[in-house]
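K.L.:
Here it is: the structure, laid out below.
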Amino acid sequence: MKPFYITTAIDYVNGSPHLGHAYEKVLTDVIARFRRQMGDRVHFLTGVDEHGQKVQKSAKARGITPQAYADEVSAEFRALLPKLNISNNDFIRTTEERHKKVVRQVLQQLHDQGEIYQAEYQGFYSGRQEQFLQDKDRNPDGSWPEIYGEVTEITETNYFFKLRGYQQWLVDFLTQNENFIFPRFRQKQVLEFLKEPLNDLCISRPRERLEWGIPLPFDAGYVTYVWFDALLNYYSAVADQPGLWPAAWHVIGKDILVPPHAVYWPIMLHAAKLPLPHGLLVHGWWLQGGAKMSKSTGNALNPLDLIAEFGADAFRYFVIREMNVGQDSDFTREQFLVRYNSELANNLGNLVNRTLNMTTRFGAGAIPVAGAPAEAEQELQALWTRTRDEVLPLCEGFQFHSAIERTMGFITATNAYIERRAPWKLGKSSEPADQELLRTSLATMAESLRLGVALLQAVMPAAADRINSVLGYRPGPSWMNELTWDGRLAGCKVAEALVLFPRPQPAAKAPAKP
Ligand code: MSP
């Protein structure tokens, strides 16, 4: 089996998870499940980024140790995963020894190779971003952009990693591997960024300024810069698992592409003589009213509220259907309700109920054997073949929103087929030809539902399991043998009903006065 290693960014534990974090997990999970269905040996890693100034500061504000604070918030991030039905194989915390050990090894190796040197730095420092700034980072009027928070001028001796010497190597690498970053326009942005000369990267923070980090193995007076520590999680989590590195795809948001993932990370690996990952998948942002959803702007939606109201599958469906991977998307409750009602309840939910209900009424609860397909059946089968042949490459190219759209088109066509055949009319006739057509139509709608659901399995795993179970069917783990129209449901006993996507309850009214 081909190894396929996929990671999410690891989240800062300085606040609760919000919809942006949840989206990234769901997107990565859909890819992981899709690749498993394609027969790959998938390893899916997610986790938390626990060191650094932000966490130290949040812990201080609460009057507890950074470790106690990180334990608490990490548990919250971890608890979200099963609620979203995420199928990760591992969860890494950067405070774990398995991670710290690798960070120390890589630092020591780079130091021994002469890639790290000590120098005095004089300049501006952003506490919020934990990074040193240059004049080119200023606004045109000379002030510092808001994202940097408070900027102070400091003089400090620190350790630097020789990034600059690898600039040309990185440009050549990206030019030769034009599919390293998806979508491609992001790769072009990175090459644009690399037109300016790179500075060496300051990878240390003096202990007196920042306690909460991994001490440098060659100088205990310093801790490691949080990005140098965090990026290595992708490697430290699998360093002792043969065959996984470098079969990796990193799923990240656009805010952390340049410079950390597109510049520091490839150069760190190359300098440490490690192979580069297969690629970076860069998604856009969930916005609210045009602004990035985030803790600091206070416009963050709690995914748990939506899951409690609509279920994990509906949440997963919405974010994957709505977001064109790579673009930004505005989140509105109205749009969520439109998709929930029209696509899930009225289209898919309706097909499930019709299939169960009619098989119960007209087929004594068992899916019949289909007769020879007539024109209507042939059309639907041809649409199935087209849909499947389009959906697979769309998923391989991360175009999940289009893949769902095509699949839902096939579900809509199946509902239209049912209208056309009108089994409720055929059921009233005792003509043998009508009875045959009735059996064919029941078998056809069930087969169509089974196949449509197979394509939705990665996006709505729980709903897919429930639908298969009420159809009396248990699919295999891979798609190899699932996507052919072959009437395999004949004889399966169906359940009478299944409420998959209940209508949302209107807001509770105040109780009437007695
Ligand atoms: N800790 C760093 C990542 C280190 S990876 C070695 C970090 N953490 S974060 O908590 O701020 O963000 C984690 C991920 O969530 C990032 O990929 C980020 O882009 C994503 N999102 C945070 N807010 C988002 C939205 N509003 N919309 C979509 N995703 C966004 O950065």
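By convention in this document, the chains of the structure tokens carry letters A, B, ... by their order, each chain's residues are numbered from 1, and ligands are numbered from 1 in the order they are shown.
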Fewer than 6 positions away in the same chain doesn't count, so skip those; otherwise give me all residues within 12 Å of Glu192 of chain A, counting only C-alpha atoms, as JSON, numbers by chain.
P.N.:
{"A": [171, 174, 175, 185, 186, 258, 259, 262]}
K.L.:
Can those selected residues be exported to a file as a PDB file, in the first residue's frame so that it contains all heavy atoms?
P.N.:
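This is the output file part.pdb:
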ATOM      1  N   VAL A 171      14.414  28.959  -4.595  1.00  0.00           N
ATOM      2  CA  VAL A 171      13.823  29.465  -5.842  1.00  0.00           C
ATOM      3  C   VAL A 171      13.905  28.374  -6.913  1.00  0.00           C
ATOM      4  O   VAL A 171      12.919  28.082  -7.602  1.00  0.00           O
ATOM      5  CB  VAL A 171      14.550  30.756  -6.302  1.00  0.00           C
ATOM      6  CG1 VAL A 171      14.119  31.149  -7.717  1.00  0.00           C
ATOM      7  CG2 VAL A 171      14.277  31.893  -5.317  1.00  0.00           C
ATOM      8  N   LEU A 174      11.387  25.546  -6.160  1.00  0.00           N
ATOM      9  CA  LEU A 174       9.983  25.881  -6.439  1.00  0.00           C
ATOM     10  C   LEU A 174       9.737  26.036  -7.937  1.00  0.00           C
ATOM     11  O   LEU A 174       8.652  25.738  -8.433  1.00  0.00           O
ATOM     12  CB  LEU A 174       9.582  27.158  -5.696  1.00  0.00           C
ATOM     13  CG  LEU A 174       9.497  27.020  -4.170  1.00  0.00           C
ATOM     14  CD1 LEU A 174       9.248  28.374  -3.521  1.00  0.00           C
ATOM     15  CD2 LEU A 174       8.395  26.044  -3.755  1.00  0.00           C
ATOM     16  N   THR A 175      10.749  26.482  -8.645  1.00  0.00           N
ATOM     17  CA  THR A 175      10.589  26.634 -10.088  1.00  0.00           C
ATOM     18  C   THR A 175      10.504  25.252 -10.748  1.00  0.00           C
ATOM     19  O   THR A 175       9.724  25.042 -11.678  1.00  0.00           O
ATOM     20  CB  THR A 175      11.768  27.450 -10.668  1.00  0.00           C
ATOM     21  OG1 THR A 175      11.954  28.593  -9.829  1.00  0.00           O
ATOM     22  CG2 THR A 175      11.509  27.911 -12.088  1.00  0.00           C
ATOM     23  N   PHE A 185      -1.456  29.506  -7.609  1.00  0.00           N
ATOM     24  CA  PHE A 185      -1.192  30.953  -7.496  1.00  0.00           C
ATOM     25  C   PHE A 185      -0.448  31.269  -6.198  1.00  0.00           C
ATOM     26  O   PHE A 185       0.273  32.261  -6.114  1.00  0.00           O
ATOM     27  CB  PHE A 185      -2.471  31.787  -7.643  1.00  0.00           C
ATOM     28  CG  PHE A 185      -3.414  31.745  -6.463  1.00  0.00           C
ATOM     29  CD1 PHE A 185      -3.290  32.662  -5.428  1.00  0.00           C
ATOM     30  CD2 PHE A 185      -4.434  30.822  -6.405  1.00  0.00           C
ATOM     31  CE1 PHE A 185      -4.161  32.649  -4.342  1.00  0.00           C
ATOM     32  CE2 PHE A 185      -5.317  30.788  -5.328  1.00  0.00           C
ATOM     33  CZ  PHE A 185      -5.177  31.706  -4.297  1.00  0.00           C
ATOM     34  N   ARG A 186      -0.584  30.400  -5.213  1.00  0.00           N
ATOM     35  CA  ARG A 186       0.156  30.616  -3.960  1.00  0.00           C
ATOM     36  C   ARG A 186       1.651  30.396  -4.177  1.00  0.00           C
ATOM     37  O   ARG A 186       2.482  31.072  -3.573  1.00  0.00           O
ATOM     38  CB  ARG A 186      -0.334  29.638  -2.885  1.00  0.00           C
ATOM     39  CG  ARG A 186      -1.752  29.866  -2.467  1.00  0.00           C
ATOM     40  CD  ARG A 186      -1.832  30.889  -1.342  1.00  0.00           C
ATOM     41  NE  ARG A 186      -3.202  31.236  -1.084  1.00  0.00           N
ATOM     42  CZ  ARG A 186      -3.650  32.453  -0.806  1.00  0.00           C
ATOM     43  NH1 ARG A 186      -2.827  33.476  -0.774  1.00  0.00           N
ATOM     44  NH2 ARG A 186      -4.910  32.675  -0.570  1.00  0.00           N
ATOM     45  N   VAL A 258       3.700  32.020   4.027  1.00  0.00           N
ATOM     46  CA  VAL A 258       4.930  32.794   3.874  1.00  0.00           C
ATOM     47  C   VAL A 258       5.147  33.638   5.128  1.00  0.00           C
ATOM     48  O   VAL A 258       4.243  34.387   5.490  1.00  0.00           O
ATOM     49  CB  VAL A 258       4.819  33.760   2.667  1.00  0.00           C
ATOM     50  CG1 VAL A 258       6.160  34.435   2.428  1.00  0.00           C
ATOM     51  CG2 VAL A 258       4.368  33.030   1.425  1.00  0.00           C
ATOM     52  N   PRO A 259       6.307  33.541   5.759  1.00  0.00           N
ATOM     53  CA  PRO A 259       7.423  32.673   5.391  1.00  0.00           C
ATOM     54  C   PRO A 259       7.473  31.299   6.060  1.00  0.00           C
ATOM     55  O   PRO A 259       8.254  30.464   5.586  1.00  0.00           O
ATOM     56  CB  PRO A 259       8.641  33.508   5.827  1.00  0.00           C
ATOM     57  CG  PRO A 259       8.137  34.366   6.937  1.00  0.00           C
ATOM     58  CD  PRO A 259       6.670  34.580   6.716  1.00  0.00           C
ATOM     59  N   ALA A 262       6.530  27.946   3.634  1.00  0.00           N
ATOM     60  CA  ALA A 262       7.082  27.941   2.272  1.00  0.00           C
ATOM     61  C   ALA A 262       8.561  28.302   2.246  1.00  0.00           C
ATOM     62  O   ALA A 262       9.240  28.058   1.250  1.00  0.00           O
ATOM     63  CB  ALA A 262       6.301  28.907   1.386  1.00  0.00           C
TER      64      ALA A 262
END
K.L.:
Looking only at the backbone, which of the residues in segment 216-320 of chain A does DSSP tag as alpha helix (DSSP H), as a PyMOL selection string?
P.N.:
chain A and resi 226-231+233-236+265-271+303-310+312-320
K.L.:
Ligand 1: which residues are within 6 Å, counting only C-alpha atoms and all ligand atoms, as a list in words?
P.N.:
Ala9, Ile10, Asp11, Tyr12, Gly20, His21, Asp49, Ala230, Leu231, Ile252, Gly253, Lys254, Asp255, Ile256, Gly284, Trp285, Trp286, Leu287, Lys292, Met293 and Ser294 of chain A
K.L.:
Could you list, as an MDAnalysis selection string, every residue within 9 Å of segment 395-398 of chain A, counting only C-alpha atoms and ignoring same-chain residues fewer than 2 positions away?
P.N.:
chainID A and resid 31 34:35 182 281 324:325 390:393 400:403
K.L.:
Taking N, CA, C and O atoms for each residue, export the selection above as a short mmCIF file (atom, residue, chain, number, x, y, z; two decimals), in the first residue's frame.
P.N.:
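Once everything was written out, this is again.cif:
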data_model
loop_
_atom_site.label_atom_id
_atom_site.label_comp_id
_atom_site.auth_asym_id
_atom_site.auth_seq_id
_atom_site.Cartn_x
_atom_site.Cartn_y
_atom_site.Cartn_z
N ILE A 31 -9.79 14.52 3.13
CA ILE A 31 -8.70 14.03 2.26
C ILE A 31 -8.20 12.67 2.77
O ILE A 31 -8.01 11.73 2.00
N PHE A 34 -10.73 10.04 1.96
CA PHE A 34 -10.73 9.81 0.52
C PHE A 34 -9.54 8.94 0.11
O PHE A 34 -9.68 7.97 -0.64
N ARG A 35 -8.36 9.27 0.64
CA ARG A 35 -7.17 8.49 0.26
C ARG A 35 -7.26 7.05 0.79
O ARG A 35 -6.79 6.12 0.15
N PHE A 182 -0.36 23.97 -3.46
CA PHE A 182 -1.68 24.06 -4.06
C PHE A 182 -2.47 25.12 -3.31
O PHE A 182 -2.43 25.13 -2.09
N LEU A 281 -0.92 22.18 1.06
CA LEU A 281 -2.26 22.51 0.60
C LEU A 281 -2.72 23.71 1.42
O LEU A 281 -2.86 23.62 2.64
N ASN A 324 -14.47 26.74 -1.62
CA ASN A 324 -13.63 26.30 -2.73
C ASN A 324 -12.20 26.35 -2.18
O ASN A 324 -11.69 27.42 -1.90
N VAL A 325 -11.58 25.18 -1.99
CA VAL A 325 -10.30 25.12 -1.27
C VAL A 325 -9.29 26.10 -1.87
O VAL A 325 -9.01 26.05 -3.07
N GLU A 390 -16.19 11.85 -13.04
CA GLU A 390 -15.81 13.25 -12.77
C GLU A 390 -15.38 13.45 -11.32
O GLU A 390 -14.47 14.21 -11.03
N VAL A 391 -16.07 12.77 -10.42
CA VAL A 391 -15.86 13.02 -8.99
C VAL A 391 -14.47 12.56 -8.54
O VAL A 391 -13.80 13.26 -7.77
N LEU A 392 -14.00 11.42 -9.04
CA LEU A 392 -12.70 10.93 -8.56
C LEU A 392 -11.57 11.92 -8.85
O LEU A 392 -10.84 12.29 -7.93
N PRO A 393 -11.41 12.37 -10.10
CA PRO A 393 -10.34 13.36 -10.32
C PRO A 393 -10.56 14.68 -9.57
O PRO A 393 -9.60 15.32 -9.15
N PHE A 400 -13.27 19.51 -3.67
CA PHE A 400 -14.36 18.77 -3.03
C PHE A 400 -15.71 19.46 -3.19
O PHE A 400 -16.74 18.81 -3.25
N HIS A 401 -15.71 20.79 -3.25
CA HIS A 401 -17.00 21.47 -3.38
C HIS A 401 -17.67 21.08 -4.70
O HIS A 401 -18.87 20.85 -4.75
N SER A 402 -16.87 20.95 -5.77
CA SER A 402 -17.44 20.53 -7.06
C SER A 402 -17.81 19.06 -7.04
O SER A 402 -18.82 18.67 -7.64
N ALA A 403 -17.00 18.26 -6.35
CA ALA A 403 -17.32 16.82 -6.26
C ALA A 403 -18.68 16.63 -5.59
O ALA A 403 -19.50 15.83 -6.04
#
K.L.:
Mind checking which residues fall within 9 Å of Gly427 of chain A, counting only C-alpha atoms, ignoring those fewer than 4 positions away in the same chain, and posting them as a list in words?
P.N.:
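Once the nearby chain positions are removed, what remains is Arg361, Phe362, Ala422, Pro423, Asp434, Gln435 and Leu438 of chain A.
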K.L.:
Just give me the gap between atom CA of Leu489 of chain A and atom CA of Ala370 of chain A in Å, one decimal is fine.
P.N.:
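Atom CA of Ala370 of chain A lies 10.1 Å from atom CA of Leu489 of chain A.
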K.L.:
Out of A:Pro183, A:Pro66, A:Pro217, A:Gly311, which residue has the shortest atom-to-atom distance to Asp112 of chain A when counting only C-alpha atoms?
P.N.:
A:Pro217
K.L.:
Determine, counting only C-alpha atoms, which protein, DNA and RNA residues have an atom within 7 Å of an atom of segment 315-320 of chain A; residues of the same chain fewer than 6 positions away are not included. Present the result as an NGL selection string.
P.N.:
:A and (23 or 26-27 or 306-307 or 336 or 400-401 or 459-460)
